[in-house]
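So this one's start24.txt, compact mmCIF, C-alpha atoms:
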# COMPACT_ATOMS: atom_id res chain seq x y z
CA MET A 5 158.64 -47.65 -94.87
CA ARG A 6 158.30 -48.18 -98.61
CA GLU A 7 154.62 -49.00 -98.13
CA LEU A 8 154.08 -45.80 -96.14
CA ILE A 9 155.84 -43.76 -98.82
CA ARG A 10 153.70 -45.37 -101.51
CA ARG A 11 150.48 -44.69 -99.63
CA ILE A 12 151.38 -41.06 -98.94
CA ALA A 13 152.11 -40.56 -102.62
CA ALA A 14 148.80 -42.21 -103.53
CA ALA A 15 146.89 -40.05 -101.03
CA THR A 16 148.31 -36.79 -102.40
CA PRO A 17 145.94 -34.96 -104.78
CA ALA A 18 147.44 -34.45 -108.21
CA ASP A 19 146.85 -30.69 -108.04
CA ARG A 20 148.55 -30.20 -104.67
CA ASP A 21 151.42 -27.71 -104.80
CA ARG A 22 154.12 -29.66 -103.04
CA GLY A 23 156.52 -26.74 -103.29
CA VAL A 24 154.37 -24.71 -100.89
CA ASP A 25 154.49 -27.54 -98.34
CA ALA A 26 158.26 -27.70 -98.74
CA LEU A 27 158.58 -23.97 -98.06
CA ARG A 28 156.60 -24.36 -94.85
CA ALA A 29 158.78 -27.30 -93.78
CA LEU A 30 161.95 -25.30 -94.52
CA ALA A 31 160.61 -22.35 -92.52
CA ILE A 32 159.96 -24.55 -89.48
CA LEU A 33 163.39 -26.17 -89.80
CA GLY A 34 165.02 -22.75 -90.01
CA VAL A 35 163.33 -21.56 -86.83
CA MET A 36 164.23 -24.71 -84.89
CA LEU A 37 167.86 -24.77 -85.98
CA GLY A 38 168.14 -21.05 -85.38
CA HIS A 39 166.95 -21.38 -81.80
CA TRP A 40 169.19 -24.36 -81.14
CA LEU A 41 172.23 -22.53 -82.49
CA VAL A 42 171.76 -19.03 -81.07
CA THR A 43 170.26 -19.90 -77.68
CA ALA A 44 172.53 -21.14 -74.91
CA LEU A 45 171.62 -22.13 -71.37
CA VAL A 46 174.56 -21.28 -69.11
CA ALA A 47 174.79 -23.05 -65.75
CA ASP A 48 176.42 -20.87 -63.12
CA SER A 49 176.32 -20.88 -59.28
CA GLY A 50 173.25 -23.09 -59.09
CA THR A 51 171.22 -21.10 -61.58
CA VAL A 52 170.55 -21.38 -65.30
CA ARG A 53 170.37 -18.33 -67.54
CA ALA A 54 169.90 -17.78 -71.25
CA ALA A 55 172.72 -16.38 -73.38
CA SER A 56 173.37 -15.91 -77.08
CA PRO A 57 176.54 -16.63 -79.05
CA LEU A 58 175.69 -13.57 -81.18
CA GLN A 59 176.46 -11.45 -78.12
CA GLN A 60 179.95 -12.91 -77.71
CA LEU A 61 180.65 -13.81 -81.35
CA PRO A 62 179.14 -11.10 -83.59
CA HIS A 63 180.80 -12.59 -86.69
CA LEU A 64 178.13 -15.32 -86.49
CA THR A 65 175.47 -12.75 -87.45
CA PRO A 66 175.01 -14.23 -90.98
CA VAL A 67 173.58 -17.33 -89.30
CA SER A 68 170.55 -15.21 -88.37
CA TRP A 69 170.08 -14.27 -92.03
CA LEU A 70 169.76 -17.91 -93.01
CA LEU A 71 167.76 -19.28 -90.09
CA GLN A 72 165.31 -16.50 -89.20
CA THR A 73 162.67 -17.75 -91.64
CA LEU A 74 159.42 -16.47 -90.12
CA ALA A 75 158.61 -14.32 -93.16
CA VAL A 76 158.48 -17.46 -95.32
CA PHE A 77 156.05 -19.07 -92.88
CA PHE A 78 153.77 -16.02 -93.00
CA LEU A 79 154.03 -15.96 -96.80
CA VAL A 80 152.88 -19.58 -97.01
CA GLY A 81 150.30 -19.01 -94.27
CA GLY A 82 148.75 -16.08 -96.13
CA GLN A 83 148.64 -18.03 -99.38
CA MET A 84 147.03 -21.10 -97.85
CA ALA A 85 144.57 -19.14 -95.69
CA ALA A 86 143.38 -17.02 -98.62
CA LYS A 87 142.91 -20.10 -100.82
CA SER A 88 141.18 -21.99 -98.04
CA HIS A 89 138.78 -19.12 -97.27
CA ALA A 90 137.93 -18.65 -100.95
CA ALA A 91 137.23 -22.38 -101.30
CA ALA A 92 135.07 -22.38 -98.16
CA ARG A 93 133.01 -19.48 -99.48
CA ALA A 94 132.59 -21.22 -102.82
CA ARG A 95 131.18 -24.26 -100.99
CA GLY A 96 128.77 -22.05 -99.07
CA GLY A 97 130.60 -22.45 -95.76
CA THR A 98 130.43 -19.83 -93.00
CA TYR A 99 133.32 -17.73 -91.76
CA ARG A 100 132.86 -19.04 -88.21
CA ARG A 101 133.13 -22.66 -89.28
CA TRP A 102 136.11 -21.94 -91.51
CA LEU A 103 137.97 -20.08 -88.76
CA GLY A 104 137.19 -22.73 -86.17
CA ALA A 105 138.65 -25.47 -88.35
CA ARG A 106 141.61 -23.26 -89.23
CA THR A 107 142.60 -22.47 -85.66
CA ALA A 108 141.69 -25.69 -83.85
CA ARG A 109 144.80 -27.47 -85.04
CA LEU A 110 146.94 -24.53 -83.96
CA PHE A 111 145.72 -24.46 -80.37
CA ARG A 112 145.08 -28.10 -79.46
CA PRO A 113 148.82 -28.71 -79.05
CA VAL A 114 149.15 -25.43 -77.10
CA VAL A 115 146.82 -26.69 -74.36
CA ALA A 116 148.96 -29.80 -73.87
CA MET A 117 152.12 -27.71 -73.72
CA LEU A 118 150.70 -25.29 -71.15
CA VAL A 119 149.56 -28.14 -68.92
CA VAL A 120 152.94 -29.87 -69.07
CA TRP A 121 154.91 -26.70 -68.40
CA SER A 122 152.64 -25.70 -65.52
CA VAL A 123 153.49 -29.04 -63.88
CA VAL A 124 157.20 -28.66 -64.71
CA ALA A 125 157.38 -25.13 -63.31
CA GLY A 126 155.63 -26.20 -60.11
CA ALA A 127 157.92 -29.21 -59.71
CA LEU A 128 161.03 -27.06 -60.17
CA LEU A 129 159.90 -24.59 -57.53
CA ILE A 130 159.06 -27.38 -55.08
CA ALA A 131 162.49 -28.93 -55.75
CA GLY A 132 164.15 -25.65 -54.76
CA ALA A 133 164.96 -24.09 -58.12
CA GLY A 134 165.25 -20.31 -58.03
CA LEU A 135 162.65 -18.05 -59.55
CA ASP A 136 165.24 -16.70 -62.01
CA THR A 137 165.94 -20.21 -63.30
CA VAL A 138 162.24 -21.12 -63.61
CA TYR A 139 161.55 -17.81 -65.37
CA ALA A 140 164.41 -18.29 -67.84
CA LEU A 141 163.29 -21.83 -68.71
CA GLY A 142 159.61 -20.96 -68.90
CA LYS A 143 160.30 -17.95 -71.10
CA LEU A 144 162.22 -20.09 -73.57
CA ALA A 145 159.59 -22.82 -73.59
CA LEU A 146 156.65 -20.48 -74.08
CA SER A 147 158.34 -18.03 -76.46
CA PRO A 148 156.89 -19.78 -79.55
CA LEU A 149 153.39 -18.82 -78.40
CA TRP A 150 153.75 -15.20 -79.50
CA PHE A 151 154.13 -16.43 -83.06
CA LEU A 152 150.98 -18.53 -82.87
CA LEU A 153 148.96 -15.64 -81.44
CA VAL A 154 150.02 -13.33 -84.27
CA PHE A 155 149.47 -16.03 -86.87
CA ALA A 156 145.99 -16.81 -85.50
CA ALA A 157 145.07 -13.11 -85.47
CA LEU A 158 146.11 -12.70 -89.10
CA ALA A 159 144.23 -15.86 -90.05
CA ALA A 160 141.10 -14.44 -88.39
CA ALA A 161 141.54 -11.22 -90.38
CA THR A 162 142.02 -13.03 -93.70
CA PRO A 163 138.69 -11.87 -95.20
CA LEU A 164 139.67 -8.26 -94.43
CA VAL A 165 143.33 -8.37 -95.51
CA ALA A 166 143.17 -10.86 -98.37
CA ARG A 167 143.15 -8.01 -100.91
CA LEU A 168 145.29 -5.57 -98.95
CA HIS A 169 148.40 -4.51 -100.86
CA PRO A 170 151.60 -5.36 -98.93
CA LEU A 171 152.84 -1.78 -99.33
CA TRP A 172 150.20 -0.55 -96.87
CA PRO A 173 151.45 -2.49 -93.82
CA LEU A 174 155.03 -1.80 -94.97
CA ALA A 175 154.21 1.93 -94.89
CA VAL A 176 152.91 1.52 -91.33
CA VAL A 177 156.18 -0.13 -90.26
CA LEU A 178 158.16 2.68 -91.94
CA HIS A 179 156.23 5.43 -90.15
CA ILE A 180 156.36 3.68 -86.77
CA ASP A 181 160.14 3.40 -87.08
CA LEU A 182 160.44 7.04 -88.15
CA ILE A 183 158.54 8.10 -85.05
CA ARG A 184 160.44 5.75 -82.72
CA PHE A 185 163.98 6.21 -83.97
CA GLY A 186 163.86 9.49 -85.87
CA LEU A 187 161.59 11.61 -83.67
CA GLY A 188 162.23 10.03 -80.29
CA GLY A 189 158.74 8.57 -79.95
CA PRO A 190 157.77 6.08 -77.21
CA ASP A 191 159.07 2.53 -77.47
CA TRP A 192 155.60 1.03 -77.03
CA LEU A 193 154.66 2.22 -80.51
CA GLY A 194 156.93 -0.49 -81.88
CA TRP A 195 154.46 -3.18 -80.85
CA ILE A 196 152.14 -2.00 -83.61
CA ASN A 197 154.73 -3.52 -85.92
CA VAL A 198 154.08 -6.99 -84.49
CA ALA A 199 150.91 -7.00 -86.59
CA ALA A 200 152.01 -4.66 -89.39
CA GLY A 201 155.43 -6.24 -89.89
CA TRP A 202 154.17 -9.80 -90.31
CA LEU A 203 151.19 -8.59 -92.31
CA VAL A 204 153.63 -7.69 -95.11
CA PRO A 205 154.55 -11.30 -96.03
CA TYR A 206 151.04 -12.48 -95.13
CA CYS A 207 149.54 -10.08 -97.69
CA LEU A 208 152.14 -11.20 -100.21
CA GLY A 209 150.90 -14.74 -99.66
CA ALA A 210 147.29 -13.65 -100.18
CA ALA A 211 148.31 -11.92 -103.42
CA TRP A 212 150.02 -15.14 -104.46
CA ALA A 213 146.77 -17.04 -103.83
CA ARG A 214 144.95 -14.60 -106.16
CA GLY A 215 147.35 -15.41 -108.98
CA GLY A 216 150.00 -12.77 -108.34
CA LEU A 217 153.74 -13.26 -107.80
CA ARG A 218 153.84 -15.77 -110.66
CA SER A 219 156.73 -14.28 -112.60
CA ARG A 220 160.38 -14.82 -111.73
CA ALA A 221 160.92 -11.11 -112.35
CA THR A 222 158.68 -10.30 -109.38
CA ALA A 223 160.60 -12.74 -107.20
CA TRP A 224 163.91 -11.19 -108.23
CA VAL A 225 162.60 -7.68 -107.48
CA LEU A 226 161.59 -8.82 -104.00
CA LEU A 227 164.91 -10.56 -103.38
CA LEU A 228 167.21 -7.84 -104.71
CA GLY A 229 165.11 -4.85 -103.67
CA GLY A 230 164.46 -6.20 -100.18
CA GLY A 231 168.08 -7.26 -99.75
CA ALA A 232 169.50 -3.93 -100.93
CA THR A 233 167.12 -1.94 -98.73
CA THR A 234 167.99 -4.06 -95.70
CA ALA A 235 171.72 -3.59 -96.34
CA ALA A 236 171.23 0.17 -96.62
CA LEU A 237 169.26 0.27 -93.35
CA VAL A 238 171.99 -1.68 -91.56
CA LEU A 239 174.92 0.24 -93.04
CA TRP A 240 173.57 3.79 -92.93
CA ALA A 241 170.46 3.94 -90.75
CA GLY A 242 171.81 2.25 -87.63
CA TYR A 243 169.70 -0.90 -87.65
CA PRO A 244 171.37 -3.99 -86.15
CA ALA A 245 172.69 -6.58 -88.59
CA ALA A 246 171.32 -9.56 -86.65
CA MET A 247 167.80 -10.54 -87.67
CA VAL A 248 167.10 -12.02 -84.24
CA GLY A 249 167.19 -10.50 -80.78
CA VAL A 250 170.59 -10.27 -79.09
CA PRO A 251 170.70 -9.90 -75.28
CA GLY A 252 172.01 -6.51 -74.29
CA ALA A 253 171.48 -4.91 -77.70
CA ALA A 254 169.82 -1.49 -77.69
CA VAL A 255 167.54 -2.41 -80.61
CA SER A 256 166.14 -5.76 -81.71
CA ASN A 257 165.05 -6.30 -85.30
CA LEU A 258 162.59 -8.95 -84.21
CA ASN A 259 161.11 -7.92 -80.87
CA PRO A 260 159.24 -5.94 -82.10
CA PRO A 261 159.82 -6.17 -85.87
CA THR A 262 161.58 -3.20 -87.43
CA LEU A 263 161.63 -1.86 -90.97
CA ALA A 264 164.85 -3.83 -91.53
CA ALA A 265 163.08 -7.05 -90.52
CA ALA A 266 160.20 -6.25 -92.89
CA THR A 267 162.45 -5.54 -95.86
CA PHE A 268 164.57 -8.58 -95.06
CA GLY A 269 161.33 -10.57 -95.06
CA LEU A 270 160.59 -9.30 -98.56
CA ALA A 271 163.99 -10.58 -99.69
CA GLN A 272 163.29 -13.95 -98.07
CA CYS A 273 159.91 -14.16 -99.82
CA GLY A 274 161.59 -13.47 -103.14
CA ALA A 275 164.15 -16.20 -102.50
CA ALA A 276 161.36 -18.60 -101.51
CA LEU A 277 159.45 -17.96 -104.71
CA LEU A 278 162.61 -18.56 -106.76
CA LEU A 279 163.10 -21.89 -104.96
CA LEU A 280 159.62 -23.14 -105.84
CA GLY A 281 160.58 -24.59 -109.22
CA PRO A 282 163.55 -26.65 -107.97
CA LEU A 283 161.57 -27.76 -104.92
CA ARG A 284 158.64 -28.96 -107.03
CA ARG A 285 160.97 -31.01 -109.18
CA LEU A 286 162.74 -32.48 -106.15
CA LEU A 287 159.42 -33.39 -104.52
CA GLN A 288 158.44 -35.61 -107.40
CA ARG A 289 160.60 -38.17 -105.62
CA PRO A 290 158.18 -40.12 -103.39
CA ALA A 291 160.59 -40.48 -100.44
CA VAL A 292 161.37 -36.75 -100.35
CA TRP A 293 157.71 -35.83 -100.57
CA ALA A 294 156.81 -38.31 -97.81
CA ALA A 295 159.33 -36.66 -95.46
CA VAL A 296 157.94 -33.18 -96.22
CA ALA A 297 154.33 -34.33 -95.86
CA LEU A 298 154.96 -36.02 -92.52
CA MET A 299 156.79 -32.97 -91.19
CA ASN A 300 153.90 -30.71 -92.20
CA LEU A 301 151.49 -33.00 -90.36
CA SER A 302 153.38 -32.27 -87.13
CA ALA A 303 154.61 -28.75 -87.87
CA MET A 304 153.03 -27.15 -84.79
CA THR A 305 154.09 -29.97 -82.48
CA LEU A 306 157.70 -29.65 -83.61
CA PHE A 307 157.57 -25.87 -83.38
CA LEU A 308 156.10 -25.84 -79.87
CA TRP A 309 158.37 -28.49 -78.35
CA HIS A 310 161.76 -27.85 -79.95
CA GLN A 311 162.88 -25.51 -77.15
CA THR A 312 161.67 -27.98 -74.51
CA ALA A 313 163.71 -30.72 -76.21
CA MET A 314 166.85 -28.59 -75.98
CA MET A 315 166.19 -27.81 -72.31
CA ALA A 316 165.54 -31.47 -71.51
CA VAL A 317 168.93 -32.43 -72.95
CA THR A 318 170.53 -29.60 -70.98
CA ALA A 319 168.90 -30.78 -67.75
CA VAL A 320 169.90 -34.41 -68.27
CA GLY A 321 173.44 -33.25 -69.00
CA LEU A 322 173.64 -31.68 -65.56
CA LEU A 323 173.26 -35.15 -64.04
CA THR A 324 176.83 -35.90 -65.14
CA GLY A 325 177.99 -33.62 -62.33
CA GLY A 326 179.87 -31.21 -64.57
CA PHE A 327 179.28 -28.50 -67.13
CA LEU A 328 179.37 -29.94 -70.66
CA PRO A 329 180.89 -27.84 -73.48
CA GLY A 330 178.31 -26.46 -75.89
CA LEU A 331 175.51 -27.31 -73.46
CA HIS A 332 176.13 -25.49 -70.17
CA THR A 333 179.10 -23.25 -70.98
CA LEU A 334 179.29 -19.64 -72.10
CA PRO A 335 179.07 -19.35 -75.93
CA ASP A 336 182.25 -17.36 -76.34
CA GLY A 337 184.44 -19.20 -78.83
CA VAL A 338 184.85 -21.57 -81.75
CA GLY A 339 185.00 -24.50 -79.34
CA TRP A 340 181.46 -23.77 -78.19
CA ILE A 341 180.23 -23.64 -81.80
CA LEU A 342 181.75 -27.02 -82.65
CA ALA A 343 180.40 -28.56 -79.44
CA ARG A 344 176.91 -27.15 -80.07
CA LEU A 345 176.88 -28.59 -83.61
CA ALA A 346 177.67 -31.99 -82.08
CA TRP A 347 174.67 -31.61 -79.73
CA LEU A 348 172.17 -30.94 -82.54
CA PRO A 349 171.46 -34.66 -83.24
CA VAL A 350 170.80 -35.16 -79.51
CA PHE A 351 168.33 -32.24 -79.54
CA ALA A 352 166.66 -33.80 -82.58
CA LEU A 353 166.36 -37.15 -80.79
CA ALA A 354 164.78 -35.47 -77.75
CA LEU A 355 162.38 -33.65 -80.06
CA LEU A 356 161.45 -36.97 -81.62
CA VAL A 357 160.45 -38.20 -78.15
CA CYS A 358 158.30 -35.08 -77.65
CA TRP A 359 156.75 -35.62 -81.08
CA ALA A 360 155.83 -39.21 -80.24
CA ALA A 361 154.24 -38.10 -76.98
CA PHE A 362 152.27 -35.08 -78.20
CA ARG A 363 151.63 -35.36 -81.95
CA THR A 364 148.10 -36.71 -81.45
CA TYR A 365 147.04 -33.33 -80.01
CA GLU A 366 147.76 -31.78 -83.40
CA GLN A 367 146.64 -34.57 -85.71
CA GLY A 368 143.66 -35.68 -83.61
CA ARG A 369 142.16 -39.12 -83.37
CA ARG A 370 139.61 -40.66 -85.66
CA GLY A 371 137.57 -43.63 -84.72
CA GLY A 372 139.85 -44.28 -81.74
CA SER A 373 142.87 -44.97 -83.91
CA THR A 374 145.46 -42.74 -85.52
CA VAL A 375 147.03 -45.53 -87.52
CA VAL A 376 144.62 -47.70 -89.41
CA ARG A 377 141.32 -46.92 -91.01
CA ALA A 378 140.10 -48.55 -94.18
CA GLY A 379 143.59 -49.92 -94.65
CA ARG A 380 145.23 -46.52 -94.96
CA PRO A 381 147.46 -44.86 -92.32
CA ALA A 382 146.25 -41.62 -90.76
CA GLU A 383 149.42 -39.93 -91.98
CA ALA A 384 148.54 -40.74 -95.59
CA ARG A 385 144.90 -39.72 -95.19
CA ALA A 386 145.80 -36.48 -93.52
CA VAL A 387 148.03 -35.38 -96.39
CA ARG A 388 144.86 -34.18 -98.06
CA ARG A 389 144.20 -31.74 -95.23
CA VAL A 390 147.70 -30.51 -94.36

Would you give me this structure, written as C-alpha cells?
Amino acid sequence: MRELIRRIAAATPADRDRGVDALRALAILGVMLGHWLVTALVADSGTVRAASPLQQLPHLTPVSWLLQTLAVFFLVGGQMAAKSHAAARARGGTYRRWLGARTARLFRPVVAMLVVWSVVAGALLIAGAGLDTVYALGKLALSPLWFLLVFAALAAATPLVARLHPLWPLAVVLHIDLIRFGLGGPDWLGWINVAAGWLVPYCLGAAWARGGLRSRATAWVLLLGGGATTAALVLWAGYPAAMVGVPGAAVSNLNPPTLAAATFGLAQCGAALLLLGPLRRLLQRPAVWAAVALMNLSAMTLFLWHQTAMMAVTAVGLLTGGFLPGLHTLPDGVGWILARLAWLPVFALALLVCWAAFRTYEQGRRGGSTVVRAGRPAEARAVRRV
C-alpha cells in the first residue's frame, strides 16, 4: 500500500489541481450516500416497491441539502471540459477527436451495465417476479443514466457554451418556472430546465477555467446569494424544501430542475469554491491524495453501480426469510434511520465487489494488463489522465 501511495504521488503532475479532483470525489460520494439514505425498497405481499423516508419523515429534509451534490459535479465538469478543449485546440487537435476521447470513458461502463441489467431483468421475469417489481428495480438501477446523458450533451456543447454567462441559462430556468407555476403553462415545458438548469453550474465551471471565480468574495456571493434566494423561494414562493424528488409530492425540485434547484446549486458552487483552499492543503498528504485519485479513476463505475449494490444487498437479505429493519421495511421512524445507517458499510462492501468486476470497462486495458507496465501500476499512470 505504501508503495502504491508513493507511486501515485510520483505520477501526479506538479501543476495538477488536486482540490478539483477532491470536489469531484465529494460530489460522487454525496450522490451515492444520498441515494442510499433516501431510497428504500419495501418488500410487501411478494412485490418490491421504492419508497422514500422524506415522504414519511419530512424533518429529514436537510439531508437532501447536504447530499444532493450534482451542481458541484457539473461545476467541476465544466471547468475540466473547458480546460481540456482549450488544450486540445492549442495542440492542433480536432473537436471530433477531443469529444470522442471525452465521452468514451463515460459510456464504456454504461454498455456493461445495460448488458448485465438486461440479463437480470430477463431472469427475474422468468423466475416469476412481477412486472411492477422488475420495473421498480430497473428504474432505480438505470436512473443514473439520465445524468450521464445530460453531462455528455453539455460536454459536446462545450465549444458553444464555454463563454456563455451563467445568468443566461438561469434566466431560462426563471422564465420556464414563471410560465409553469405562475401562468399555468404545460408541465412538459419543465424539461427544458434539464439542460438549462445544469448549464448554470457548467457555465460557472467554464468561467472558472478562463480564470474567473478566483476571489473568495465571488464564492461568498454565490453561497450567500444562492442560499438566500433558495430560502425565499421555499418560504414564500411555494417551492418544496427537499432538493430531491419525494414520491407523492406535487412538485419535484430535481425532476425536472426548478429555479430553487438552480439557485441552490449556485450556493453549493460557492461552498465548493470556499473549500478548495482547505482541500488543497489536506491533499498534500500522500495517503489522502491516493484515495482521492483512485476514486476519481473509478468515478463512473461507482456512480453507475451504487444503486445495484444496494439492491443486491436487499435481495440477499430476503433469503433470510424475513423482512430486515432498514432494508425491507417502511422508512417511517427513527428505528429505520438507525438501521439504514448500519447497512451503509454493507452497501459499500457490495459496491466494492461491483467495482472489482466492472472497473476495467472505465479504465480500459493497456497491453493486456491493467496492473504492471514499465514497473508502474495502471492506477498511478492513469492519474495523469483522470

Kindly indicate which residue among A:Gly281, A:Gly38, A:Gly96, A:Pro205 lies nearest to A:Leu158, using all atoms listed in the file for the distances. A:Pro205

Would you list the residues near (148.8, -17.7, -97.8) (no more than 8 Å away, in the coordinates of the file, using only C-alpha atoms) as a count of residues only? 17

Near A:Ala295, within 9 Å and counting all atoms listed in the file, which residues show up once chain neighbours fewer than 5 positions away are dropped, as a ChimeraX atom specification? /A:9,290,300

Hey, can you spit out that residue selection with C-alpha atoms as a PDB file, in the coordinates of the input?
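The new file result.pdb reads:
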ATOM      1  CA  ILE A   9     155.840 -43.760 -98.820  1.00  0.00           C
ATOM      2  CA  PRO A 290     158.180 -40.120-103.390  1.00  0.00           C
ATOM      3  CA  ASN A 300     153.900 -30.710 -92.200  1.00  0.00           C
TER       4      ASN A 300
END

Between atom CA of A:Ala271 and atom CA of A:Val255, measure the distance and give it in Å to one decimal.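 Atom-to-atom, atom CA of A:Ala271 and atom CA of A:Val255 are spaced 21.1 Å apart.
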
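Minimum atom-to-atom distances from A:Trp192, A:Ala199, A:Ala175, A:Val124 to A:Ala159 were compared using all atoms listed in the file, and the lowest value belongs to A:Ala199.
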
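Atom CA of A:Pro260 is found 10.5 Å from atom CA of A:Val177.
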
Excluding A:Ala264 and residues on its chain fewer than 6 positions from it, collect all residues at most 10 Å away from it, counting all atoms listed in the file, and give them as a PyMOL selection string. chain A and resi 177-178+181+201+230-231+233-238+241+243-247+257-258+270

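Here atom CA of A:His63 and atom CA of A:Lys143 stand 26.3 Å from one another.
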
Given all atoms listed in the file as the counted atoms, nearest of A:Val198, A:Leu308, A:Leu228, A:Leu342 to A:Pro173: A:Val198

Would you list the contacts of A:Leu30 as a count of residues only, taking every protein, DNA or RNA residue within 10 Å and counting all atoms listed in the file, but skipping same-chain residues closer than 3 positions in sequence? 16

Could you check which of A:Leu187, A:Ala265, A:Met5, A:Ala352 is closest to A:Val248, using all atoms listed in the file?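 Smallest separation from A:Val248 among the options: A:Ala265.
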
Considering only C-alpha atoms, can you say which of A:Ala161, A:Ala346, A:Met315, A:Leu149 comes closest to A:Gly330?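 Looking only at the distances to A:Gly330, the closest residue turns out to be A:Ala346.
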
Compute the distance from (154.6, -31.4, -105.1) to each atom, counting only C-alpha atoms, keep the residues with any atom at most 9 Å away, and return them as a PyMOL selection string; use the coordinates of the file. chain A and resi 16+18-26+283-288+293

Using only C-alpha atoms for the distances, tell me which of A:Leu144, A:Thr324, A:Leu193, A:Ala15 is nearest to A:Trp40.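 Of A:Leu144, A:Thr324, A:Leu193, A:Ala15, the one nearest A:Trp40 is A:Leu144, counting only C-alpha atoms.
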
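Near A:Leu227, within a cut-off of 12 Å and counting all atoms listed in the file, sit the residues A:Arg220, A:Ala221, A:Thr222, A:Ala232, A:Thr233, A:Thr234, A:Thr267, A:Phe268, A:Gly269, A:Leu270, A:Ala271, A:Gln272, A:Cys273, A:Gly274, A:Ala275, A:Ala276, A:Leu277, A:Leu278, A:Leu279, with same-chain residues fewer than 5 positions away left out.
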
Report the centre and edge lengths, in Å to one decimal, of an axis-aligned box enclosing every atom of stretch 119-124 of chain A listed in the file, padded by 4 Å on each side, as lines of an AutoDock Vina configuration file.
center_x = 153.4
center_y = -27.8
center_z = -66.5
size_x = 15.6
size_y = 12.2
size_z = 13.2

Identify, on the basis of all atoms listed in the file, every residue whose closest approach to A:Met304 does not exceed 12 Å; exclude the query and any residue fewer than 6 positions from it along the same chain; express the result as an MDAnalysis selection string. chainID A and resid 28:29 31:33 35:36 77 107:114 116:117 148:149 151:152 155 298 310 358:359 362:367 390
